$ cat input10.txt   # compact mmCIF, C-alpha atoms and all ligand atoms
# COMPACT_ATOMS: atom_id res chain seq x y z
CA MET A 1 85.41 -47.07 5.92
CA LEU A 2 84.32 -50.23 4.10
CA ASN A 3 82.09 -50.20 0.99
CA PHE A 4 78.40 -50.81 1.59
CA ASP A 5 74.85 -50.96 0.19
CA PHE A 6 72.05 -49.79 2.41
CA LYS A 7 68.33 -50.33 1.88
CA ASN A 8 65.71 -50.49 4.59
CA PRO A 9 62.15 -50.42 3.26
CA THR A 10 60.28 -50.62 6.59
CA LYS A 11 57.98 -47.68 7.28
CA ILE A 12 58.07 -46.60 10.92
CA ILE A 13 55.00 -44.99 12.45
CA PHE A 14 56.19 -43.65 15.77
CA GLY A 15 54.41 -41.94 18.63
CA LYS A 16 51.44 -41.66 20.94
CA ASP A 17 48.20 -43.38 19.91
CA THR A 18 49.58 -44.54 16.58
CA ILE A 19 48.02 -48.02 16.77
CA ALA A 20 44.84 -46.29 15.59
CA LYS A 21 46.56 -45.77 12.22
CA LEU A 22 46.73 -49.50 11.42
CA ALA A 23 44.02 -49.42 8.78
CA GLU A 24 46.01 -46.89 6.75
CA GLU A 25 48.72 -49.52 6.26
CA ILE A 26 46.85 -52.75 5.52
CA PRO A 27 44.62 -52.86 2.42
CA SER A 28 41.07 -53.69 3.51
CA THR A 29 40.89 -56.48 0.93
CA GLU A 30 43.54 -58.55 2.73
CA LYS A 31 42.70 -61.55 4.85
CA VAL A 32 44.73 -60.92 7.98
CA LEU A 33 46.24 -63.36 10.48
CA LEU A 34 46.78 -61.50 13.76
CA LEU A 35 49.65 -63.17 15.64
CA TYR A 36 50.43 -62.62 19.30
CA GLY A 37 52.23 -64.15 22.25
CA GLY A 38 51.26 -65.41 25.68
CA GLY A 39 48.40 -62.98 26.18
CA SER A 40 49.93 -59.79 27.62
CA ILE A 41 48.15 -57.83 24.86
CA LEU A 42 44.79 -59.04 26.15
CA GLN A 43 45.50 -57.49 29.56
CA ASN A 44 47.19 -54.20 28.66
CA GLY A 45 44.67 -52.93 26.14
CA ILE A 46 46.83 -53.34 23.02
CA TYR A 47 44.62 -56.10 21.61
CA ASP A 48 41.55 -53.89 21.98
CA GLN A 49 43.31 -51.00 20.22
CA VAL A 50 44.30 -53.28 17.32
CA LYS A 51 40.81 -54.71 16.96
CA ALA A 52 39.26 -51.25 17.09
CA ALA A 53 41.62 -49.99 14.40
CA LEU A 54 40.83 -52.96 12.13
CA GLU A 55 37.13 -53.06 12.84
CA ASN A 56 35.94 -53.97 9.36
CA TYR A 57 38.70 -56.40 8.43
CA ASP A 58 38.48 -60.12 7.85
CA ILE A 59 40.78 -61.27 10.68
CA VAL A 60 41.80 -64.70 11.95
CA GLU A 61 43.79 -64.87 15.19
CA PHE A 62 46.64 -67.02 16.43
CA GLY A 63 47.86 -66.50 20.01
CA GLY A 64 50.35 -68.43 22.09
CA ILE A 65 53.65 -67.79 20.34
CA PRO A 66 56.08 -68.31 23.22
CA ALA A 67 59.17 -66.26 24.07
CA ASN A 68 61.98 -67.65 21.88
CA PRO A 69 59.41 -68.59 19.25
CA GLU A 70 59.08 -72.31 18.79
CA TYR A 71 59.06 -73.98 15.41
CA GLU A 72 56.56 -76.57 16.62
CA VAL A 73 54.04 -73.87 17.60
CA LEU A 74 54.62 -71.89 14.43
CA LEU A 75 53.78 -74.93 12.30
CA GLU A 76 50.27 -74.77 13.80
CA ALA A 77 49.97 -71.18 12.59
CA LEU A 78 51.29 -72.21 9.18
CA LYS A 79 48.42 -74.69 8.85
CA ILE A 80 45.95 -71.88 9.54
CA ILE A 81 47.61 -69.61 6.97
CA LYS A 82 47.04 -72.33 4.36
CA SER A 83 43.58 -73.49 5.42
CA GLU A 84 42.21 -69.95 5.85
CA LYS A 85 43.92 -68.59 2.72
CA ILE A 86 45.55 -65.79 4.68
CA THR A 87 47.17 -63.02 2.60
CA TYR A 88 48.64 -60.69 5.25
CA LEU A 89 50.31 -61.24 8.62
CA LEU A 90 50.14 -58.82 11.52
CA ALA A 91 52.52 -59.40 14.45
CA VAL A 92 51.47 -57.77 17.72
CA GLY A 93 54.23 -58.41 20.22
CA GLY A 94 57.92 -58.28 21.03
CA GLY A 95 60.84 -59.84 19.19
CA SER A 96 59.50 -63.35 19.63
CA VAL A 97 56.15 -62.71 17.98
CA ILE A 98 57.75 -60.65 15.22
CA ASP A 99 60.42 -63.30 14.57
CA GLY A 100 57.78 -66.02 14.55
CA THR A 101 55.82 -63.96 12.03
CA LYS A 102 58.91 -63.58 9.85
CA PHE A 103 59.34 -67.34 9.85
CA LEU A 104 55.69 -67.71 8.80
CA SER A 105 56.06 -65.03 6.13
CA SER A 106 58.88 -67.08 4.64
CA ALA A 107 57.36 -70.54 5.22
CA ALA A 108 54.01 -69.50 3.69
CA LEU A 109 55.67 -69.08 0.30
CA TYR A 110 58.34 -71.78 0.71
CA GLU A 111 58.04 -74.60 -1.79
CA GLY A 112 60.17 -77.25 -0.06
CA ASP A 113 58.72 -80.04 2.12
CA GLU A 114 60.48 -79.18 5.35
CA PRO A 115 60.24 -75.53 6.48
CA TRP A 116 62.96 -76.10 9.10
CA ASP A 117 65.38 -76.21 6.16
CA ILE A 118 64.94 -72.44 5.85
CA LEU A 119 66.92 -72.26 9.11
CA ALA A 120 69.03 -75.41 8.99
CA LYS A 121 70.20 -74.82 5.42
CA TYR A 122 70.46 -71.03 5.72
CA ILE A 123 68.00 -70.44 2.85
CA ARG A 124 67.66 -66.69 2.32
CA THR A 125 64.13 -65.35 1.95
CA GLU A 126 63.94 -63.18 -1.15
CA LYS A 127 60.15 -62.86 -0.99
CA GLY A 128 57.78 -63.49 1.90
CA MET A 129 54.10 -63.03 2.62
CA PRO A 130 53.60 -59.33 3.41
CA PHE A 131 53.45 -58.45 7.08
CA GLY A 132 53.41 -55.53 9.46
CA THR A 133 54.03 -55.22 13.18
CA VAL A 134 52.72 -53.47 16.24
CA LEU A 135 55.71 -53.52 18.60
CA THR A 136 54.77 -54.12 22.24
CA MET A 137 58.27 -54.37 23.64
CA PRO A 138 61.44 -52.55 22.53
CA ALA A 139 64.54 -54.74 22.54
CA THR A 140 65.48 -56.69 19.46
CA GLY A 141 65.09 -54.24 16.56
CA SER A 142 63.20 -57.00 14.72
CA GLU A 143 60.53 -54.42 13.90
CA MET A 144 62.88 -52.77 11.41
CA ASN A 145 65.21 -55.51 10.24
CA SER A 146 65.00 -58.64 8.12
CA GLY A 147 66.33 -61.24 10.56
CA ALA A 148 64.64 -63.75 12.84
CA VAL A 149 65.67 -66.43 15.31
CA VAL A 150 63.58 -69.57 15.81
CA THR A 151 63.90 -72.43 18.32
CA LYS A 152 63.25 -76.10 17.63
CA VAL A 153 62.31 -77.56 20.98
CA ALA A 154 62.76 -81.16 19.85
CA THR A 155 66.49 -80.71 19.28
CA HIS A 156 67.23 -77.68 21.51
CA GLU A 157 68.42 -75.73 18.48
CA LYS A 158 68.07 -71.97 18.07
CA LEU A 159 68.94 -70.77 14.59
CA GLY A 160 68.77 -67.55 12.63
CA MET A 161 67.22 -66.79 9.25
CA GLY A 162 66.70 -63.73 7.09
CA GLY A 163 66.77 -62.11 3.69
CA PRO A 164 65.49 -59.02 1.92
CA GLY A 165 61.95 -60.46 1.77
CA LEU A 166 61.63 -60.30 5.55
CA PHE A 167 61.52 -56.60 6.34
CA PRO A 168 58.16 -55.66 7.86
CA GLN A 169 56.16 -53.43 5.49
CA PHE A 170 55.46 -51.16 8.45
CA SER A 171 55.95 -51.11 12.19
CA ILE A 172 53.90 -49.11 14.66
CA LEU A 173 55.92 -47.93 17.65
CA ASP A 174 53.80 -46.36 20.36
CA PRO A 175 56.04 -45.81 23.41
CA GLN A 176 52.99 -45.97 25.68
CA VAL A 177 53.06 -49.78 25.33
CA ILE A 178 56.09 -49.83 27.62
CA GLN A 179 53.99 -49.05 30.72
CA SER A 180 52.88 -52.64 31.20
CA ILE A 181 56.24 -54.35 30.62
CA PRO A 182 57.61 -56.11 33.73
CA LYS A 183 60.96 -54.84 35.12
CA ARG A 184 62.74 -58.03 34.13
CA GLN A 185 61.78 -57.55 30.49
CA LEU A 186 62.67 -53.85 30.55
CA ALA A 187 66.14 -54.77 31.83
CA ASN A 188 66.37 -57.41 29.11
CA GLY A 189 65.45 -54.91 26.41
CA ILE A 190 68.05 -52.38 27.50
CA THR A 191 70.74 -55.07 27.71
CA ASP A 192 69.87 -56.57 24.33
CA ALA A 193 69.88 -53.21 22.52
CA PHE A 194 73.11 -52.16 24.26
CA THR A 195 74.78 -55.41 23.18
CA HIS A 196 73.51 -55.04 19.62
CA VAL A 197 75.40 -51.78 19.42
CA MET A 198 78.52 -53.31 20.95
CA GLU A 199 78.48 -56.19 18.47
CA GLN A 200 78.68 -53.66 15.63
CA TYR A 201 81.20 -51.36 17.31
CA MET A 202 83.62 -53.27 19.55
CA THR A 203 85.92 -54.47 16.80
CA TYR A 204 88.87 -52.42 15.53
CA PRO A 205 89.18 -48.79 14.39
CA THR A 206 88.27 -48.18 10.73
CA GLN A 207 88.03 -44.39 10.61
CA ALA A 208 84.24 -44.67 10.35
CA LYS A 209 83.68 -41.67 12.55
CA LEU A 210 79.99 -41.19 11.96
CA GLN A 211 79.18 -44.87 12.53
CA ASP A 212 81.21 -44.79 15.76
CA ARG A 213 79.29 -41.76 16.98
CA PHE A 214 75.93 -43.25 15.97
CA ALA A 215 76.84 -46.29 18.05
CA GLU A 216 78.16 -44.28 21.01
CA SER A 217 75.11 -42.01 21.05
CA ILE A 218 72.76 -44.98 21.20
CA MET A 219 74.74 -46.49 24.08
CA GLN A 220 74.91 -43.13 25.91
CA THR A 221 71.18 -42.62 25.52
CA LEU A 222 70.40 -46.11 26.79
CA VAL A 223 72.63 -45.54 29.83
CA GLU A 224 70.96 -42.18 30.45
CA VAL A 225 67.36 -43.36 30.27
CA ALA A 226 67.81 -46.82 31.82
CA PRO A 227 67.20 -45.86 35.50
CA THR A 228 64.04 -43.91 34.58
CA ILE A 229 62.71 -46.70 32.38
CA ILE A 230 63.17 -49.28 35.12
CA GLU A 231 61.59 -47.07 37.81
CA ASN A 232 58.84 -45.43 35.76
CA PRO A 233 58.15 -46.93 32.34
CA ALA A 234 55.09 -44.70 32.03
CA TYR A 235 57.32 -41.62 31.71
CA TYR A 236 56.77 -40.91 28.03
CA ASP A 237 59.95 -39.05 27.12
CA ALA A 238 62.19 -41.76 28.53
CA ALA A 239 60.04 -44.47 26.95
CA ALA A 240 60.19 -42.80 23.53
CA ASN A 241 63.98 -42.45 23.66
CA TYR A 242 64.37 -46.02 24.82
CA MET A 243 62.11 -47.38 22.09
CA TRP A 244 63.85 -45.50 19.29
CA CYS A 245 67.29 -46.52 20.59
CA CYS A 246 66.32 -50.19 20.43
CA THR A 247 65.13 -49.85 16.84
CA MET A 248 68.16 -47.86 15.72
CA ALA A 249 70.50 -50.35 17.41
CA LEU A 250 69.61 -53.07 14.92
CA ASN A 251 67.99 -51.68 11.81
CA GLY A 252 71.14 -52.06 9.73
CA LEU A 253 72.28 -48.45 9.76
CA ILE A 254 75.09 -48.49 12.31
CA GLN A 255 76.72 -51.61 10.88
CA LYS A 256 77.20 -50.13 7.41
CA GLY A 257 80.82 -49.57 6.45
CA VAL A 258 82.24 -51.17 9.58
CA PRO A 259 83.31 -54.68 10.64
CA THR A 260 80.92 -56.51 12.97
CA ASP A 261 81.46 -59.19 15.58
CA TRP A 262 78.26 -61.09 16.60
CA ALA A 263 80.18 -63.82 18.49
CA ILE A 264 78.36 -62.89 21.72
CA HIS A 265 75.00 -63.57 20.06
CA GLY A 266 76.28 -66.75 18.41
CA ILE A 267 77.34 -68.20 21.75
CA GLY A 268 74.42 -66.67 23.66
CA HIS A 269 71.80 -68.38 21.48
CA GLU A 270 73.22 -71.72 22.55
CA LEU A 271 72.72 -70.84 26.22
CA THR A 272 69.06 -70.05 25.50
CA ALA A 273 68.68 -73.26 23.49
CA MET A 274 70.25 -75.35 26.29
CA TYR A 275 68.93 -73.68 29.43
CA GLY A 276 66.11 -71.38 28.37
CA ILE A 277 67.97 -68.33 29.74
CA ASP A 278 66.46 -65.05 28.47
CA HIS A 279 68.21 -63.89 25.29
CA ALA A 280 69.53 -60.63 26.77
CA ARG A 281 70.89 -62.37 29.85
CA THR A 282 72.92 -64.78 27.75
CA LEU A 283 74.59 -61.74 26.19
CA ALA A 284 75.43 -60.28 29.60
CA ILE A 285 76.98 -63.63 30.56
CA ILE A 286 79.20 -63.85 27.47
CA ALA A 287 80.13 -60.22 26.73
CA PRO A 288 82.55 -59.61 29.65
CA SER A 289 84.49 -62.85 29.01
CA HIS A 290 84.49 -62.31 25.26
CA TYR A 291 85.99 -58.83 25.63
CA ARG A 292 88.52 -59.95 28.25
CA TYR A 293 89.56 -62.96 26.18
CA ASN A 294 89.90 -60.94 22.95
CA PHE A 295 91.35 -57.92 24.71
CA GLU A 296 94.39 -57.45 22.45
CA SER A 297 92.42 -57.23 19.21
CA LYS A 298 89.66 -55.05 20.68
CA LYS A 299 91.49 -52.79 23.11
CA GLU A 300 91.48 -49.64 20.95
CA LYS A 301 87.71 -49.69 20.54
CA LEU A 302 87.23 -50.74 24.17
CA ALA A 303 89.28 -47.72 25.23
CA GLN A 304 87.28 -45.42 22.92
CA PHE A 305 84.07 -46.88 24.40
CA GLY A 306 85.52 -46.16 27.85
CA GLU A 307 86.33 -42.57 26.98
CA ARG A 308 83.21 -41.63 25.09
CA VAL A 309 80.49 -43.67 26.77
CA TRP A 310 81.81 -43.92 30.32
CA GLY A 311 83.94 -40.77 30.56
CA ILE A 312 87.18 -42.62 31.44
CA THR A 313 89.73 -40.07 30.31
CA THR A 314 92.89 -41.02 32.20
CA GLY A 315 95.27 -43.96 31.88
CA SER A 316 96.77 -45.96 29.06
CA THR A 317 94.72 -47.60 26.29
CA GLU A 318 94.90 -50.87 28.25
CA GLU A 319 93.78 -49.23 31.49
CA LYS A 320 90.86 -47.45 29.85
CA ALA A 321 89.82 -50.62 28.05
CA THR A 322 89.96 -52.66 31.25
CA LYS A 323 87.87 -50.13 33.13
CA ALA A 324 85.40 -49.93 30.24
CA ILE A 325 84.66 -53.66 30.53
CA GLU A 326 84.14 -53.21 34.27
CA ARG A 327 81.75 -50.30 33.70
CA MET A 328 79.79 -52.31 31.13
CA GLU A 329 79.48 -55.18 33.63
CA SER A 330 78.39 -52.79 36.40
CA PHE A 331 75.78 -51.35 34.05
CA PHE A 332 74.28 -54.82 33.56
CA HIS A 333 74.39 -55.38 37.34
CA SER A 334 72.62 -52.04 37.88
CA LEU A 335 69.75 -53.49 35.84
CA ASP A 336 69.71 -56.58 38.07
CA ILE A 337 71.20 -58.71 35.32
CA ASN A 338 73.64 -61.38 36.47
CA THR A 339 76.76 -61.89 34.38
CA LYS A 340 77.85 -65.42 35.35
CA LEU A 341 76.37 -68.65 33.96
CA SER A 342 76.49 -70.24 37.44
CA GLU A 343 74.01 -67.60 38.62
CA TYR A 344 71.43 -69.03 36.20
CA THR A 345 72.02 -72.78 36.37
CA THR A 346 73.91 -75.26 38.51
CA GLU A 347 74.08 -77.77 35.65
CA PHE A 348 76.68 -75.98 33.59
CA ALA A 349 79.49 -78.54 33.61
CA GLY A 350 80.51 -79.33 30.02
CA THR A 351 78.57 -76.40 28.51
CA ALA A 352 81.64 -74.89 26.87
CA GLU A 353 82.57 -78.12 25.06
CA LYS A 354 78.95 -78.73 23.99
CA ILE A 355 78.73 -75.30 22.40
CA SER A 356 82.03 -75.63 20.66
CA ASP A 357 81.08 -79.12 19.36
CA ARG A 358 77.88 -77.70 17.92
CA PHE A 359 79.80 -74.95 16.17
CA ILE A 360 82.19 -77.52 14.69
CA GLN A 361 79.24 -79.62 13.44
CA ARG A 362 77.77 -76.55 11.76
CA GLY A 363 81.09 -75.57 10.24
CA TRP A 364 81.28 -72.37 12.33
CA LEU A 365 85.02 -72.50 12.63
CA GLY A 366 85.80 -68.82 13.09
CA LEU A 367 83.61 -66.20 14.77
CA GLY A 368 84.07 -62.48 15.26
CA GLU A 369 85.28 -59.63 13.10
CA HIS A 370 88.52 -61.42 12.19
CA LYS A 371 86.89 -64.91 12.04
CA ALA A 372 89.62 -65.70 14.56
CA VAL A 373 87.49 -66.98 17.44
CA LYS A 374 87.95 -70.71 16.87
CA PRO A 375 86.00 -73.50 18.61
CA ASP A 376 88.85 -73.83 21.17
CA ASP A 377 88.54 -70.14 21.95
CA VAL A 378 84.77 -70.54 22.37
CA VAL A 379 85.48 -73.18 25.03
CA LYS A 380 87.71 -70.76 26.92
CA ILE A 381 85.31 -67.80 26.63
CA VAL A 382 82.38 -69.86 27.92
CA GLU A 383 84.49 -71.33 30.74
CA MET A 384 85.52 -67.81 31.78
CA SER A 385 81.82 -66.97 32.12
CA TYR A 386 80.98 -69.86 34.50
O1 LIG A 401 54.14 -63.36 25.13
P1 LIG A 401 53.55 -62.08 25.56
O2 LIG A 401 52.29 -62.22 26.29
O3 LIG A 401 53.49 -61.06 24.46
O4 LIG A 401 54.55 -61.47 26.69
C1 LIG A 401 55.85 -61.07 26.39
C2 LIG A 401 56.91 -62.09 26.82
O5 LIG A 401 56.50 -62.80 27.96
C3 LIG A 401 56.20 -59.89 27.27
N1 LIG A 401 55.71 -58.61 26.72
C4 LIG A 401 55.91 -58.10 25.49
N2 LIG A 401 55.33 -56.89 25.39
C5 LIG A 401 54.73 -56.65 26.57
C6 LIG A 401 54.97 -57.74 27.43
N3 LIG A 401 54.49 -57.80 28.69
C7 LIG A 401 53.75 -56.75 29.11
N4 LIG A 401 53.50 -55.66 28.36
C8 LIG A 401 53.98 -55.57 27.09
N5 LIG A 401 53.76 -54.46 26.36
O6 LIG A 401 57.60 -59.88 27.32
C9 LIG A 401 58.07 -61.22 27.25
C10 LIG A 401 59.25 -61.30 26.31
O7 LIG A 401 58.83 -61.03 24.98
P2 LIG A 401 59.78 -61.42 23.77
O8 LIG A 401 59.09 -61.03 22.54
O9 LIG A 401 60.24 -62.83 23.93
O10 LIG A 401 61.06 -60.51 24.05
P3 LIG A 401 62.09 -59.88 23.09
O11 LIG A 401 61.52 -58.73 22.39
O12 LIG A 401 63.29 -59.66 23.92
O13 LIG A 401 62.41 -61.00 21.99
C11 LIG A 401 63.33 -62.03 22.23
C12 LIG A 401 63.49 -62.91 21.01
O14 LIG A 401 64.00 -62.14 19.90
C13 LIG A 401 65.20 -62.76 19.41
C14 LIG A 401 65.75 -63.42 20.63
O15 LIG A 401 66.71 -64.40 20.31
C15 LIG A 401 64.51 -64.00 21.25
O16 LIG A 401 64.13 -65.20 20.63
N6 LIG A 401 66.06 -61.76 18.76
C16 LIG A 401 65.68 -61.29 17.56
C17 LIG A 401 66.47 -60.44 16.83
C18 LIG A 401 66.07 -59.95 15.50
N7 LIG A 401 65.02 -60.48 14.91
O17 LIG A 401 66.69 -59.06 14.95
C19 LIG A 401 67.78 -59.98 17.31
C20 LIG A 401 68.02 -60.26 18.74
O18 LIG A 401 69.40 -60.30 18.96
C21 LIG A 401 67.40 -61.52 19.25
O19 LIG A 401 68.19 -62.64 18.92
ZN ZN A 402 70.08 -59.61 20.70
$ encode --input "input10.txt" --output "structure tokens"
Amino acid sequence: MLNFDFKNPTKIIFGKDTIAKLAEEIPSTEKVLLLYGGGSILQNGIYDQVKAALENYDIVEFGGIPANPEYEVLLEALKIIKSEKITYLLAVGGGSVIDGTKFLSSAALYEGDEPWDILAKYIRTEKGMPFGTVLTMPATGSEMNSGAVVTKVATHEKLGMGGPGLFPQFSILDPQVIQSIPKRQLANGITDAFTHVMEQYMTYPTQAKLQDRFAESIMQTLVEVAPTIIENPAYYDAAANYMWCCTMALNGLIQKGVPTDWAIHGIGHELTAMYGIDHARTLAIIAPSHYRYNFESKKEKLAQFGERVWGITTGSTEEKATKAIERMESFFHSLDINTKLSEYTTEFAGTAEKISDRFIQRGWLGLGEHKAVKPDDVVKIVEMSY
């Protein structure tokens, strides 16, 4: 097991009707900016619950943060933060609204002229404007981590940011919010969380037995509840398990003491930036090729994944590992998630080279747990996923 530090200061308030507890978390003296997305919260009752809980607060609102939160839109919210002298941010949404809020938390206190530098120059956020979240869609884990991903439409760039100043102070997780999520987004959430676990697990054995079993139990639980979630998101027990799995998949715990990969996300973000493909779907496109291409260095963990998550108990390490990739792919298909780039766009010629060129420009010359996935390998992995 590798050495590690672990600190996660986010308070989780989990369960039925917990949105009503909002006022216990935000001091009544704060001037709050309530941030939300395209308006789903106005239809499904979440907005009304938030407003009822914060009845006597001084609140300004900013709606319209799009999926894959856009820098250009967020700058409008930043102006409001400054002109209205906002002191506290409240994100009510999925990963996009929460990530957008994290960017604003950082940008509100940033002293440079160009807030995009926070992303382009990888400036860590040590201190941000305080914020909390009401999660409306389980998927990213953003509600309990300190990372965010923001898109600049003008240049088709999608970049990450983070730092210890960007943990939410609290996140309210009421599994009842899942009822109104469309099937496509439920499938996305399951796929994203499942891939988060794989990125922190499918590397090489390090005798980190507890971390392995944390990871496997999250994947097993997601596989178990997925059919129920897709068919009946109002079924509370399944919704609660699903929601907690998504948070646990990326709140920092399972990655402690183990190597991590994250090449699938690195490449996947480029597919969203270029083609607007949903984040989770880009992962399902890249994961099978990535694991097949890097089979030799990952086969032990792939075989363990096969045994423990999919129950593949016979055959050699190579045979188990091969079958495990097939089972993973079938799982994505069972959620109606396509795993080939050509199923999302017909304009994919040259994609592999474009992505690899971008990585070279950014100095990303080695991805993955061994930093051994070079730009030339990226070309081959992406081509395998056409
Ligand atoms: O915009 P609204 O109206 O809120 O609708 C959203 C959006 O259309 C809708 N939705 C959310 N809750 C709903 C609902 N519809 C009905 N009922 C509800 N209760 O779902 C759509 C997708 O929402 P979005 O927030 O975009 O989805 P998700 O949570 O998957 O977030 C994706 C973004 O998070 C980033 C992704 O790259 C992407 O930009 N990620 C963030 C991470 C992090 N911060 O740790 C890690 C991830 O790997 C990921 O990169
Ligand atoms: Zn993800």
$ residues_around --input "input10.txt" --residues "Tyr291 of chain A" --least-positions-apart "3" --cutoff "10 Å" --atoms "all atoms listed in the file" --output "PyMOL selection string"
chain A and resi 202-203+264+286-288+294-299+302+321-322+325+381
$ atom_distance --input "input10.txt" --atom1 "atom CA of Val73 of chain A" --atom2 "atom CA of Leu104 of chain A"
10.9 Å
$ closest_residue --input "input10.txt" --among "A:Gln220, A:Phe62, A:Met274, A:Ala263" --to "Gly306 of chain A" --atoms "all atoms listed in the file"
A:Gln220
$ residues_near_point --input "input10.txt" --point "(70.6, -57.4, 39.7)" --cutoff "12 Å" --atoms "all atoms listed in the file" --output "PyMOL selection string"
chain A and resi 183-184+187-188+230+281+284+329-340+343
$ residues_near_ligand --input "input10.txt" --ligand "ligand LIG 401 (chain A)" --cutoff "7 Å" --atoms "only C-alpha atoms and all ligand atoms" --output "VMD selection string"
chain A and resid 36 to 41 44 65 to 69 93 to 97 99 136 to 142 145 147 to 150 177 to 182 185 188 to 189 192 196 250 265 269 279 to 280
$ atom_distance --input "input10.txt" --atom1 "atom CA of Gly128 of chain A" --atom2 "atom CA of Ala108 of chain A"
7.3 Å
$ residues_around --input "input10.txt" --residues "Val92 of chain A" --least-positions-apart "6" --cutoff "12 Å" --atoms "all atoms listed in the file" --output "PDB file with C-alpha atoms, in the frame of the given file"
ATOM      1  CA  ILE A  19      48.020 -48.020  16.770  1.00  0.00           C
ATOM      2  CA  LEU A  22      46.730 -49.500  11.420  1.00  0.00           C
ATOM      3  CA  LEU A  33      46.240 -63.360  10.480  1.00  0.00           C
ATOM      4  CA  LEU A  34      46.780 -61.500  13.760  1.00  0.00           C
ATOM      5  CA  LEU A  35      49.650 -63.170  15.640  1.00  0.00           C
ATOM      6  CA  TYR A  36      50.430 -62.620  19.300  1.00  0.00           C
ATOM      7  CA  GLY A  37      52.230 -64.150  22.250  1.00  0.00           C
ATOM      8  CA  GLY A  38      51.260 -65.410  25.680  1.00  0.00           C
ATOM      9  CA  GLY A  39      48.400 -62.980  26.180  1.00  0.00           C
ATOM     10  CA  SER A  40      49.930 -59.790  27.620  1.00  0.00           C
ATOM     11  CA  ILE A  41      48.150 -57.830  24.860  1.00  0.00           C
ATOM     12  CA  LEU A  42      44.790 -59.040  26.150  1.00  0.00           C
ATOM     13  CA  GLY A  45      44.670 -52.930  26.140  1.00  0.00           C
ATOM     14  CA  ILE A  46      46.830 -53.340  23.020  1.00  0.00           C
ATOM     15  CA  TYR A  47      44.620 -56.100  21.610  1.00  0.00           C
ATOM     16  CA  ASP A  48      41.550 -53.890  21.980  1.00  0.00           C
ATOM     17  CA  GLN A  49      43.310 -51.000  20.220  1.00  0.00           C
ATOM     18  CA  VAL A  50      44.300 -53.280  17.320  1.00  0.00           C
ATOM     19  CA  LYS A  51      40.810 -54.710  16.960  1.00  0.00           C
ATOM     20  CA  GLU A  61      43.790 -64.870  15.190  1.00  0.00           C
ATOM     21  CA  PHE A  62      46.640 -67.020  16.430  1.00  0.00           C
ATOM     22  CA  GLY A  63      47.860 -66.500  20.010  1.00  0.00           C
ATOM     23  CA  GLY A  64      50.350 -68.430  22.090  1.00  0.00           C
ATOM     24  CA  ILE A  65      53.650 -67.790  20.340  1.00  0.00           C
ATOM     25  CA  ILE A  98      57.750 -60.650  15.220  1.00  0.00           C
ATOM     26  CA  ASP A  99      60.420 -63.300  14.570  1.00  0.00           C
ATOM     27  CA  GLY A 100      57.780 -66.020  14.550  1.00  0.00           C
ATOM     28  CA  THR A 101      55.820 -63.960  12.030  1.00  0.00           C
ATOM     29  CA  PHE A 131      53.450 -58.450   7.080  1.00  0.00           C
ATOM     30  CA  GLY A 132      53.410 -55.530   9.460  1.00  0.00           C
ATOM     31  CA  THR A 133      54.030 -55.220  13.180  1.00  0.00           C
ATOM     32  CA  VAL A 134      52.720 -53.470  16.240  1.00  0.00           C
ATOM     33  CA  LEU A 135      55.710 -53.520  18.600  1.00  0.00           C
ATOM     34  CA  THR A 136      54.770 -54.120  22.240  1.00  0.00           C
ATOM     35  CA  MET A 137      58.270 -54.370  23.640  1.00  0.00           C
ATOM     36  CA  GLU A 143      60.530 -54.420  13.900  1.00  0.00           C
ATOM     37  CA  SER A 171      55.950 -51.110  12.190  1.00  0.00           C
ATOM     38  CA  ILE A 172      53.900 -49.110  14.660  1.00  0.00           C
ATOM     39  CA  LEU A 173      55.920 -47.930  17.650  1.00  0.00           C
ATOM     40  CA  ASP A 174      53.800 -46.360  20.360  1.00  0.00           C
ATOM     41  CA  VAL A 177      53.060 -49.780  25.330  1.00  0.00           C
TER      42      VAL A 177
END
$ closest_residue --input "input10.txt" --among "A:Phe14, A:Tyr88, A:Tyr71, A:Phe359" --to "Ala240 of chain A" --atoms "all atoms listed in the file"
A:Phe14
$ atom_distance --input "input10.txt" --atom1 "atom CA of Ala273 of chain A" --atom2 "atom CA of Thr345 of chain A"
13.3 Å
$ residues_around --input "input10.txt" --residues "segment 360-368 of chain A" --least-positions-apart "6" --cutoff "12 Å" --atoms "all atoms listed in the file" --output "number ranges by chain"
A: 119-122, 157, 159, 199-204, 259-267, 290-291, 294, 297-298, 353-354, 374-379
$ residues_around --input "input10.txt" --residues "Thr87 of chain A" --least-positions-apart "4" --cutoff "12 Å" --atoms "all atoms listed in the file" --output "short mmCIF file (atom, residue, chain, number, x, y, z; two decimals) with C-alpha atoms, in the frame of the given file"
data_model
loop_
_atom_site.label_atom_id
_atom_site.label_comp_id
_atom_site.auth_asym_id
_atom_site.auth_seq_id
_atom_site.Cartn_x
_atom_site.Cartn_y
_atom_site.Cartn_z
CA ILE A 26 46.85 -52.75 5.52
CA PRO A 27 44.62 -52.86 2.42
CA SER A 28 41.07 -53.69 3.51
CA THR A 29 40.89 -56.48 0.93
CA GLU A 30 43.54 -58.55 2.73
CA LYS A 31 42.70 -61.55 4.85
CA VAL A 32 44.73 -60.92 7.98
CA LEU A 33 46.24 -63.36 10.48
CA LEU A 34 46.78 -61.50 13.76
CA ASP A 58 38.48 -60.12 7.85
CA ILE A 59 40.78 -61.27 10.68
CA VAL A 60 41.80 -64.70 11.95
CA ILE A 80 45.95 -71.88 9.54
CA ILE A 81 47.61 -69.61 6.97
CA LYS A 82 47.04 -72.33 4.36
CA SER A 83 43.58 -73.49 5.42
CA LEU A 104 55.69 -67.71 8.80
CA SER A 105 56.06 -65.03 6.13
CA ALA A 108 54.01 -69.50 3.69
CA LEU A 109 55.67 -69.08 0.30
CA GLY A 128 57.78 -63.49 1.90
CA MET A 129 54.10 -63.03 2.62
CA PRO A 130 53.60 -59.33 3.41
CA PHE A 131 53.45 -58.45 7.08
CA GLY A 132 53.41 -55.53 9.46
#
